[in-house]
>>> print(open('run26.cif').read())   # mmCIF, C-alpha atoms
data_model
#
loop_
_atom_site.label_atom_id
_atom_site.label_comp_id
_atom_site.auth_asym_id
_atom_site.auth_seq_id
_atom_site.Cartn_x
_atom_site.Cartn_y
_atom_site.Cartn_z
CA MET X 17 65.45 105.25 60.71
CA ALA X 18 68.92 103.78 60.14
CA LEU X 19 67.39 100.31 59.70
CA GLN X 20 64.92 101.62 57.11
CA ALA X 21 67.74 103.31 55.21
CA LEU X 22 69.73 100.07 55.22
CA GLN X 23 66.76 98.05 53.99
CA SER X 24 65.90 100.51 51.23
CA SER X 25 69.52 100.57 50.03
CA GLY X 26 69.47 96.76 49.94
CA VAL X 27 66.36 96.86 47.76
CA THR X 28 68.03 99.45 45.51
CA PHE X 29 71.03 97.19 44.99
CA ARG X 30 68.90 94.12 44.27
CA LYS X 31 66.77 96.07 41.79
CA ILE X 32 69.91 97.10 39.92
CA LEU X 33 71.12 93.50 40.02
CA SER X 34 67.89 92.35 38.35
CA HIS X 35 68.96 94.14 35.15
CA PHE X 36 71.82 91.67 34.64
CA PRO X 37 72.14 87.95 33.87
CA GLU X 38 71.57 85.90 37.00
CA GLU X 39 74.49 83.44 36.83
CA LEU X 40 76.63 85.03 39.56
CA SER X 41 78.76 83.24 42.14
CA LEU X 42 79.24 86.54 44.00
CA ALA X 43 77.94 90.09 43.60
CA PHE X 44 78.91 92.97 45.81
CA VAL X 45 78.81 96.76 45.81
CA TYR X 46 81.40 99.02 47.43
CA GLY X 47 82.67 102.57 47.70
CA SER X 48 81.35 105.91 48.87
CA GLY X 49 77.87 105.19 47.50
CA VAL X 50 77.50 102.37 50.03
CA TYR X 51 79.61 103.28 53.05
CA ARG X 52 79.94 106.90 54.07
CA GLN X 53 83.37 108.43 53.48
CA ALA X 54 84.87 111.62 54.78
CA GLY X 55 86.20 114.33 52.48
CA PRO X 56 85.18 114.94 48.85
CA SER X 57 83.33 111.58 48.60
CA SER X 58 80.95 112.41 51.46
CA ASP X 59 77.93 113.00 49.16
CA GLN X 60 76.67 109.44 49.54
CA LYS X 61 73.26 110.01 47.96
CA ASN X 62 74.65 111.05 44.56
CA ALA X 63 77.82 108.96 44.57
CA MET X 64 78.38 106.42 41.82
CA LEU X 65 77.71 102.83 42.88
CA ASP X 66 80.58 100.41 42.19
CA PHE X 67 79.58 96.77 41.59
CA VAL X 68 81.63 93.63 41.03
CA PHE X 69 80.03 90.52 39.50
CA THR X 70 81.87 87.20 39.83
CA VAL X 71 80.87 84.60 37.23
CA ASP X 72 81.83 80.98 36.63
CA ASP X 73 81.49 81.28 32.84
CA PRO X 74 82.38 84.80 31.58
CA PHE X 75 81.71 83.92 27.92
CA THR X 76 78.10 82.85 28.61
CA TRP X 77 77.54 85.77 30.98
CA HIS X 78 78.78 88.39 28.49
CA SER X 79 76.76 86.72 25.70
CA LYS X 80 73.59 87.23 27.71
CA ASN X 81 74.56 90.68 28.96
CA LEU X 82 75.30 91.90 25.42
CA LYS X 83 71.72 90.96 24.50
CA LYS X 84 70.27 92.67 27.58
CA ASN X 85 72.63 95.64 27.90
CA TRP X 86 74.29 96.23 24.53
CA ARG X 87 74.67 99.96 25.19
CA HIS X 88 76.76 99.36 28.34
CA TYR X 89 79.75 98.24 26.30
CA SER X 90 82.29 100.31 24.38
CA PHE X 91 83.22 99.72 20.73
CA LEU X 92 84.65 96.34 21.86
CA LYS X 93 81.10 94.91 21.80
CA VAL X 94 81.33 94.51 18.02
CA LEU X 95 84.12 91.95 18.59
CA GLY X 96 81.67 89.69 20.43
CA PRO X 97 81.65 87.85 23.78
CA LYS X 98 84.64 85.64 22.98
CA MET X 99 86.99 88.61 22.53
CA ILE X 100 85.48 90.45 25.50
CA THR X 101 86.11 87.38 27.67
CA SER X 102 89.69 87.13 26.38
CA ILE X 103 90.32 90.81 27.19
CA GLN X 104 88.75 90.32 30.62
CA ASN X 105 90.83 87.28 31.57
CA ASN X 106 94.18 87.99 29.92
CA TYR X 107 94.81 91.70 30.41
CA GLY X 108 95.04 93.96 33.46
CA ALA X 109 93.81 92.46 36.72
CA GLY X 110 91.34 90.01 35.20
CA VAL X 111 88.36 92.39 35.45
CA TYR X 112 86.20 93.86 32.68
CA TYR X 113 84.60 97.18 33.69
CA ASN X 114 81.66 98.96 32.13
CA SER X 115 81.58 102.50 33.51
CA LEU X 116 79.20 105.47 33.84
CA ILE X 117 75.98 103.47 33.31
CA MET X 118 72.58 104.87 34.33
CA CYS X 119 70.55 102.08 35.94
CA ASP X 120 67.33 102.60 37.92
CA GLY X 121 68.12 106.28 38.32
CA ARG X 122 71.62 105.69 39.74
CA LEU X 123 74.99 106.09 38.08
CA ILE X 124 76.88 102.81 38.33
CA LYS X 125 80.10 101.10 37.29
CA TYR X 126 80.37 97.32 37.22
CA GLY X 127 83.28 94.95 36.87
CA VAL X 128 83.07 91.31 35.78
CA ILE X 129 85.65 88.75 36.93
CA SER X 130 85.77 84.98 36.62
CA THR X 131 85.36 82.97 39.84
CA ASN X 132 88.63 81.11 39.30
CA ILE X 133 90.66 84.30 38.77
CA LEU X 134 89.10 85.90 41.84
CA ILE X 135 89.91 82.86 44.00
CA GLU X 136 93.53 82.96 42.77
CA ASP X 137 93.77 86.66 43.63
CA LEU X 138 92.22 86.13 47.07
CA LEU X 139 94.64 83.31 47.93
CA ASN X 140 97.86 84.44 46.24
CA TRP X 141 97.47 88.22 45.68
CA ASN X 142 98.51 87.93 42.03
CA ASN X 143 97.07 91.41 41.39
CA LEU X 144 95.67 92.47 44.79
CA TYR X 145 92.93 94.25 42.85
CA ILE X 146 89.53 92.77 43.61
CA ALA X 147 91.14 91.00 46.59
CA GLY X 148 92.07 94.48 47.82
CA ARG X 149 88.49 95.72 47.42
CA LEU X 150 87.34 92.79 49.55
CA GLN X 151 89.72 93.71 52.39
CA LYS X 152 87.52 96.74 53.03
CA PRO X 153 83.82 96.70 53.97
CA VAL X 154 81.58 95.83 51.03
CA LYS X 155 77.87 95.08 50.72
CA ILE X 156 77.42 91.51 49.49
CA ILE X 157 74.18 91.29 47.51
CA SER X 158 74.41 87.73 46.26
CA MET X 159 76.68 84.74 46.97
CA ASN X 160 76.28 81.07 46.13
CA GLU X 161 77.38 78.10 48.24
CA ASP X 162 80.83 77.72 46.64
CA VAL X 163 82.91 76.46 49.60
CA THR X 164 86.22 77.20 47.82
CA LEU X 165 85.21 80.82 47.19
CA ARG X 166 84.01 81.34 50.76
CA SER X 167 87.24 79.86 52.13
CA ALA X 168 89.31 82.12 49.83
CA LEU X 169 87.39 85.20 51.01
CA ASP X 170 88.21 84.32 54.61
CA ARG X 171 91.87 83.60 53.76
CA ASN X 172 92.18 87.02 52.10
CA LEU X 173 91.05 88.80 55.28
CA LYS X 174 93.47 86.79 57.44
CA SER X 175 96.32 87.56 55.03
CA ALA X 176 95.47 91.27 55.23
CA VAL X 177 95.71 91.18 59.03
CA THR X 178 99.04 89.32 58.98
CA THR X 179 100.53 91.70 56.41
CA ALA X 180 99.41 94.74 58.39
CA PHE X 181 100.94 93.28 61.58
CA LEU X 182 104.34 93.13 59.87
CA MET X 183 104.17 96.88 59.13
CA LEU X 184 102.96 97.99 62.57
CA PRO X 185 104.79 98.46 65.90
CA GLU X 186 104.38 96.18 68.91
CA SER X 187 101.38 98.12 70.27
CA PHE X 188 98.79 100.04 68.24
CA SER X 189 95.13 100.99 68.01
CA GLU X 190 92.31 99.40 66.03
CA GLU X 191 92.28 102.49 63.81
CA ASP X 192 96.00 102.10 63.09
CA LEU X 193 95.36 98.49 62.03
CA PHE X 194 92.39 99.30 59.83
CA ILE X 195 94.22 102.19 58.14
CA GLU X 196 97.11 99.82 57.37
CA ILE X 197 94.73 97.16 56.00
CA ALA X 198 92.75 99.65 53.90
CA GLY X 199 95.99 100.94 52.41
CA LEU X 200 97.40 97.56 51.33
CA SER X 201 95.86 97.61 47.85
CA TYR X 202 96.91 101.26 47.33
CA SER X 203 100.61 100.59 47.99
CA GLY X 204 102.37 101.70 44.83
CA ASP X 205 99.09 102.41 42.99
CA PHE X 206 99.95 105.13 40.47
CA ARG X 207 96.39 106.50 40.79
CA MET X 208 97.29 107.70 44.28
CA VAL X 209 99.73 110.08 42.59
CA VAL X 210 97.34 111.24 39.87
CA GLY X 211 93.60 110.65 40.09
CA GLU X 212 92.83 109.80 43.71
CA ASP X 213 92.42 111.95 46.80
CA LYS X 214 95.63 111.56 48.84
CA THR X 215 93.63 111.16 52.07
CA LYS X 216 91.49 108.40 50.53
CA VAL X 217 92.51 105.69 53.01
CA LEU X 218 91.78 107.87 56.06
CA ASN X 219 88.47 108.93 54.50
CA ILE X 220 87.50 105.27 54.06
CA VAL X 221 88.44 104.15 57.57
CA LYS X 222 87.51 106.95 59.96
CA PRO X 223 83.70 106.94 59.40
CA ASN X 224 83.62 103.12 59.16
CA ILE X 225 85.52 101.82 62.18
CA ALA X 226 82.45 99.81 63.25
CA HIS X 227 82.23 98.14 59.81
CA PHE X 228 85.93 97.24 59.86
CA ARG X 229 85.51 95.86 63.39
CA GLU X 230 82.60 93.72 62.20
CA LEU X 231 84.73 92.42 59.31
CA TYR X 232 87.88 91.65 61.32
CA GLY X 233 86.77 91.26 64.95
CA SER X 234 86.47 87.46 65.05
CA ILE X 235 89.76 87.00 63.13
CA LEU X 236 91.57 89.18 65.69
CA GLN X 237 89.94 87.35 68.62
CA GLU X 238 91.04 83.96 67.25
CA ASN X 239 94.56 84.98 66.18
CA PRO X 240 97.13 83.46 68.61
CA GLN X 241 99.75 86.10 67.75
CA VAL X 242 97.82 89.11 68.99
CA VAL X 243 96.44 90.35 72.30
CA TYR X 244 93.22 92.10 71.27
CA LYS X 245 91.79 94.42 73.93
CA SER X 246 88.53 95.12 72.14
CA GLN X 247 87.08 97.28 74.94
CA GLN X 248 90.05 99.66 74.78
CA GLY X 249 90.47 99.29 71.02
CA ARG X 250 94.14 98.36 71.48
CA LEU X 251 96.26 95.49 70.16
CA GLU X 252 99.69 94.02 71.00
CA ILE X 253 101.64 91.66 68.73
CA ASP X 254 104.81 89.60 68.85
CA LYS X 255 107.57 91.54 67.05
CA SER X 256 110.34 89.04 67.79
CA PRO X 257 112.17 87.59 64.76
CA GLU X 258 110.47 84.25 65.48
CA GLY X 259 107.04 85.87 65.49
CA GLN X 260 107.73 87.80 62.29
CA PHE X 261 109.08 84.70 60.55
CA THR X 262 105.86 82.83 61.40
CA GLN X 263 103.86 85.69 59.90
CA LEU X 264 106.04 85.96 56.79
CA MET X 265 105.65 82.23 56.13
CA THR X 266 101.85 82.58 56.00
CA LEU X 267 101.81 85.52 53.55
CA PRO X 268 100.22 85.02 50.10
CA LYS X 269 102.56 83.37 47.60
CA SER X 270 102.94 86.38 45.27
CA LEU X 271 103.93 88.66 48.14
CA GLN X 272 106.48 86.13 49.41
CA GLN X 273 107.96 85.89 45.92
CA GLN X 274 108.20 89.68 45.55
CA ILE X 275 109.96 89.97 48.92
CA HIS X 276 112.34 87.19 47.85
CA HIS X 277 113.04 89.01 44.57
CA ILE X 278 113.78 92.28 46.39
CA MET X 279 116.05 90.77 49.05
CA ASP X 280 117.83 87.88 47.31
CA SER X 281 121.31 89.02 46.32
CA PRO X 282 122.55 88.03 42.83
CA GLY X 283 124.40 84.73 42.84
CA LYS X 284 123.20 83.52 46.25
CA ASN X 285 120.27 81.51 44.86
CA ARG X 286 118.57 81.12 48.22
CA ASP X 287 115.10 79.67 48.47
CA VAL X 288 112.13 81.78 49.58
CA GLU X 289 112.15 80.42 53.13
CA GLU X 290 115.79 81.44 53.67
CA THR X 291 115.05 84.94 52.40
CA LEU X 292 112.02 85.30 54.66
CA PHE X 293 114.11 84.14 57.62
CA GLN X 294 116.59 86.94 56.86
CA VAL X 295 113.78 89.51 56.53
CA ALA X 296 112.29 88.42 59.87
CA HIS X 297 115.55 89.47 61.57
CA ASP X 298 115.77 92.76 59.63
CA PRO X 299 114.83 95.93 61.60
CA ASP X 300 113.29 97.21 58.34
CA CYS X 301 111.07 94.15 57.90
CA GLY X 302 107.92 96.27 57.55
CA ASP X 303 109.48 98.44 54.85
CA VAL X 304 110.49 95.35 52.87
CA VAL X 305 106.93 94.03 53.04
CA ARG X 306 105.64 97.39 51.83
CA LEU X 307 108.04 97.28 48.87
CA GLY X 308 106.75 93.79 48.05
CA LEU X 309 103.18 95.07 48.05
CA SER X 310 104.11 97.95 45.76
CA ALA X 311 105.74 95.52 43.34
CA ILE X 312 102.37 93.73 43.01
CA VAL X 313 100.03 96.72 43.01
CA ARG X 314 101.88 99.19 40.76
CA PRO X 315 102.00 97.12 37.53
CA SER X 316 98.54 95.69 38.19
CA SER X 317 96.95 99.14 38.61
CA ILE X 318 98.70 100.51 35.50
CA ARG X 319 97.63 97.56 33.33
CA GLN X 320 94.03 97.66 34.59
CA SER X 321 93.71 101.43 34.08
CA THR X 322 95.13 101.17 30.55
CA LYS X 323 92.67 98.38 29.81
CA GLY X 324 89.87 100.59 31.16
CA ILE X 325 90.42 103.11 28.35
CA PHE X 326 89.34 100.42 25.87
CA THR X 327 86.59 98.74 27.90
CA ALA X 328 84.97 102.06 28.82
CA GLY X 329 85.70 103.85 25.54
CA MET X 330 87.64 107.09 25.15
CA LYS X 331 84.75 109.46 25.94
CA LYS X 332 83.75 107.71 29.17
CA SER X 333 87.40 107.33 30.18
CA VAL X 334 87.92 111.09 29.88
CA ILE X 335 84.75 111.80 31.89
CA TYR X 336 85.63 109.22 34.57
CA SER X 337 89.21 110.53 34.90
CA SER X 338 87.88 114.09 35.17
CA LEU X 339 85.58 113.06 38.03
CA LYS X 340 88.51 111.44 39.85
CA LEU X 341 90.72 114.50 39.36
CA HIS X 342 87.89 116.75 40.57
CA LYS X 343 87.64 114.68 43.78
CA MET X 344 91.42 114.87 44.23
CA TRP X 345 91.30 118.66 43.75
CA LYS X 346 88.44 119.04 46.25
CA GLY X 347 90.40 116.98 48.78
CA TRP X 348 93.45 119.18 48.30
CA LEU X 349 91.36 122.35 48.77
CA ARG X 350 89.84 120.98 51.99
CA LYS X 351 93.31 120.15 53.29
CA THR X 352 94.72 123.62 52.56
CA SER X 353 91.69 125.65 53.69
#
>>> encode(input="run26.cif", output="structure tokens")
Amino acid sequence: MALQALQSSGVTFRKILSHFPEELSLAFVYGSGVYRQAGPSSDQKNAMLDFVFTVDDPFTWHSKNLKKNWRHYSFLKVLGPKMITSIQNNYGAGVYYNSLIMCDGRLIKYGVISTNILIEDLLNWNNLYIAGRLQKPVKIISMNEDVTLRSALDRNLKSAVTTAFLMLPESFSEEDLFIEIAGLSYSGDFRMVVGEDKTKVLNIVKPNIAHFRELYGSILQENPQVVYKSQQGRLEIDKSPEGQFTQLMTLPKSLQQQIHHIMDSPGKNRDVEETLFQVAHDPDCGDVVRLGLSAIVRPSSIRQSTKGIFTAGMKKSVIYSSLKLHKMWKGWLRKTS
């Protein structure tokens, strides 16, 4: 029964994908419509499906999609594919979203991002936006043989593990790790204050421990800095200054730079490595890393949400925001009842 459900959902996703231009380096779907979540998003059957399409040539892709799916776009469609591509690449987190689209009887939202911008985000965490989505279980529908993209996807997962280690104690459970990883891209996200259910991270992780284990199991087994007792679901890591310095030196470049900016005193002009060495010896190392994450995520989430008002159009933006607030309200009622 479970296998049949999985196969039918795969067919559903591919049928939806057939409505769009084919030139995709990666296509995936995520969220409560794909993986069951606890709380107010638990109605999986009627949940909106969230897609991301990665394309090598956004201008050509939007040109074809405007011909096929003109009605998906807001008033920005009259400006043509060149302006849409410019808005996609140069504002927010490098993603262009079309929201609240009915496709094959399902409500969907889809974002378009260029392959190069995605690879940069996966490697360096410039925005930690789509890279953050890909740190949680997603259903990959289509992926080409781009070795650079595949390597960047793997690097993003390893970076998520290393970052989480820096914010965890010496010994912890698998669930603790996965909650920390799932929360990375929500650190400092203003939508967690207004618009998202406050227990969102727990709701994502708790019903999907097996999916997180499938995503991160081999990375944990191969990581020399962790003792992974998979049978007991427990992990132990090296919290010595030397161990933390090794981890800090492998963090994505943008996160290293944000930590350096937070910790470097005016006039000292130290390089990044010196700052990271200091942080490795700081008892509050994990808190500093968390501040660095927030410094990436907060402006990125604000810019992308502001951009969404224009790419979705005012009417759809109001509807979409109302749905988010409704979910937040339902989560609050469940918590207080």
>>> resolve_selection(input="run26.cif", expression="the PyMOL selection byres ((chain X and resi 307-320) around 9)", output="PyMOL selection string")
chain X and resi 107-112+141-145+200-207+270-278+302-306+321-324
>>> atom_distance(input="run26.cif", atom1="CA of Gln247 (chain X)", atom2="CA of Gly47 (chain X)")
28.1 Å
>>> closest_residue(input="run26.cif", among="X:Val177, X:Thr266, X:Ala198, X:Lys222", to="Glu238 (chain X)", atoms="only C-alpha atoms")
X:Val177
>>> residues_around(input="run26.cif", residues="Thr178 (chain X)", least_positions_apart="5", cutoff="12 Å", atoms="all atoms listed in the file", output="number ranges by chain")
X: 171-173, 183-184, 193, 196-197, 200, 232, 235-236, 239-242, 253-255, 259-268, 271, 302, 305
>>> closest_residue(input="run26.cif", among="X:Ile220, X:Asn85, X:Ile129, X:Leu139", to="Lys174 (chain X)", atoms="only C-alpha atoms")
X:Leu139
>>> atom_distance(input="run26.cif", atom1="CA of Asn224 (chain X)", atom2="CA of Thr131 (chain X)")
28.0 Å
>>> closest_atom_pairs(input="run26.cif", of="region 100-193 of chain X", to="region 74-77 of chain X", cutoff="10 Å", atoms="only C-alpha atoms", output="CSV")
residue,atom,partner,partner_atom,distance
X:Ile100,CA,X:Phe75,CA,7.9
X:Thr101,CA,X:Phe75,CA,5.6
X:Ser102,CA,X:Phe75,CA,8.7
X:Gln104,CA,X:Pro74,CA,8.5
X:Asn105,CA,X:Pro74,CA,8.8
X:Tyr112,CA,X:Pro74,CA,9.9
X:Val128,CA,X:Pro74,CA,7.8
X:Ile129,CA,X:Pro74,CA,7.4
X:Ser130,CA,X:Pro74,CA,6.1
X:Thr131,CA,X:Pro74,CA,9.0
>>> resolve_selection(input="run26.cif", expression="the PyMOL selection byres ((chain X and resi 154-163) around 12)", output="PDB file with C-alpha atoms, in the coordinates of the input")
ATOM      1  CA  LEU X  22      69.730 100.070  55.220  1.00  0.00           C
ATOM      2  CA  GLN X  23      66.760  98.050  53.990  1.00  0.00           C
ATOM      3  CA  SER X  25      69.520 100.570  50.030  1.00  0.00           C
ATOM      4  CA  GLY X  26      69.470  96.760  49.940  1.00  0.00           C
ATOM      5  CA  VAL X  27      66.360  96.860  47.760  1.00  0.00           C
ATOM      6  CA  THR X  28      68.030  99.450  45.510  1.00  0.00           C
ATOM      7  CA  PHE X  29      71.030  97.190  44.990  1.00  0.00           C
ATOM      8  CA  ARG X  30      68.900  94.120  44.270  1.00  0.00           C
ATOM      9  CA  LYS X  31      66.770  96.070  41.790  1.00  0.00           C
ATOM     10  CA  ILE X  32      69.910  97.100  39.920  1.00  0.00           C
ATOM     11  CA  LEU X  33      71.120  93.500  40.020  1.00  0.00           C
ATOM     12  CA  SER X  34      67.890  92.350  38.350  1.00  0.00           C
ATOM     13  CA  GLU X  38      71.570  85.900  37.000  1.00  0.00           C
ATOM     14  CA  GLU X  39      74.490  83.440  36.830  1.00  0.00           C
ATOM     15  CA  LEU X  40      76.630  85.030  39.560  1.00  0.00           C
ATOM     16  CA  SER X  41      78.760  83.240  42.140  1.00  0.00           C
ATOM     17  CA  LEU X  42      79.240  86.540  44.000  1.00  0.00           C
ATOM     18  CA  ALA X  43      77.940  90.090  43.600  1.00  0.00           C
ATOM     19  CA  PHE X  44      78.910  92.970  45.810  1.00  0.00           C
ATOM     20  CA  VAL X  45      78.810  96.760  45.810  1.00  0.00           C
ATOM     21  CA  TYR X  46      81.400  99.020  47.430  1.00  0.00           C
ATOM     22  CA  GLY X  47      82.670 102.570  47.700  1.00  0.00           C
ATOM     23  CA  SER X  48      81.350 105.910  48.870  1.00  0.00           C
ATOM     24  CA  GLY X  49      77.870 105.190  47.500  1.00  0.00           C
ATOM     25  CA  VAL X  50      77.500 102.370  50.030  1.00  0.00           C
ATOM     26  CA  TYR X  51      79.610 103.280  53.050  1.00  0.00           C
ATOM     27  CA  ARG X  52      79.940 106.900  54.070  1.00  0.00           C
ATOM     28  CA  LEU X  65      77.710 102.830  42.880  1.00  0.00           C
ATOM     29  CA  ASP X  66      80.580 100.410  42.190  1.00  0.00           C
ATOM     30  CA  PHE X  67      79.580  96.770  41.590  1.00  0.00           C
ATOM     31  CA  VAL X  68      81.630  93.630  41.030  1.00  0.00           C
ATOM     32  CA  PHE X  69      80.030  90.520  39.500  1.00  0.00           C
ATOM     33  CA  THR X  70      81.870  87.200  39.830  1.00  0.00           C
ATOM     34  CA  VAL X  71      80.870  84.600  37.230  1.00  0.00           C
ATOM     35  CA  ASP X  72      81.830  80.980  36.630  1.00  0.00           C
ATOM     36  CA  THR X 131      85.360  82.970  39.840  1.00  0.00           C
ATOM     37  CA  ASN X 132      88.630  81.110  39.300  1.00  0.00           C
ATOM     38  CA  ILE X 135      89.910  82.860  44.000  1.00  0.00           C
ATOM     39  CA  ILE X 146      89.530  92.770  43.610  1.00  0.00           C
ATOM     40  CA  ALA X 147      91.140  91.000  46.590  1.00  0.00           C
ATOM     41  CA  GLY X 148      92.070  94.480  47.820  1.00  0.00           C
ATOM     42  CA  ARG X 149      88.490  95.720  47.420  1.00  0.00           C
ATOM     43  CA  LEU X 150      87.340  92.790  49.550  1.00  0.00           C
ATOM     44  CA  GLN X 151      89.720  93.710  52.390  1.00  0.00           C
ATOM     45  CA  LYS X 152      87.520  96.740  53.030  1.00  0.00           C
ATOM     46  CA  PRO X 153      83.820  96.700  53.970  1.00  0.00           C
ATOM     47  CA  THR X 164      86.220  77.200  47.820  1.00  0.00           C
ATOM     48  CA  LEU X 165      85.210  80.820  47.190  1.00  0.00           C
ATOM     49  CA  ARG X 166      84.010  81.340  50.760  1.00  0.00           C
ATOM     50  CA  SER X 167      87.240  79.860  52.130  1.00  0.00           C
ATOM     51  CA  ALA X 168      89.310  82.120  49.830  1.00  0.00           C
ATOM     52  CA  LEU X 169      87.390  85.200  51.010  1.00  0.00           C
ATOM     53  CA  ASP X 170      88.210  84.320  54.610  1.00  0.00           C
ATOM     54  CA  ILE X 220      87.500 105.270  54.060  1.00  0.00           C
ATOM     55  CA  ASN X 224      83.620 103.120  59.160  1.00  0.00           C
ATOM     56  CA  HIS X 227      82.230  98.140  59.810  1.00  0.00           C
ATOM     57  CA  PHE X 228      85.930  97.240  59.860  1.00  0.00           C
ATOM     58  CA  GLU X 230      82.600  93.720  62.200  1.00  0.00           C
ATOM     59  CA  LEU X 231      84.730  92.420  59.310  1.00  0.00           C
TER      60      LEU X 231
END
>>> atom_distance(input="run26.cif", atom1="CA of Gly96 (chain X)", atom2="CA of Lys83 (chain X)")
10.8 Å
>>> closest_residue(input="run26.cif", among="X:Gln237, X:Gly199, X:Ser189, X:Met279", to="Arg250 (chain X)", atoms="all atoms listed in the file")
X:Ser189
>>> resolve_selection(input="run26.cif", expression="the PyMOL selection byres ((chain X and resi 114) around 7)", output="MDAnalysis selection string")
chainID X and resid 88:89 112:113 115 125:127 327:328
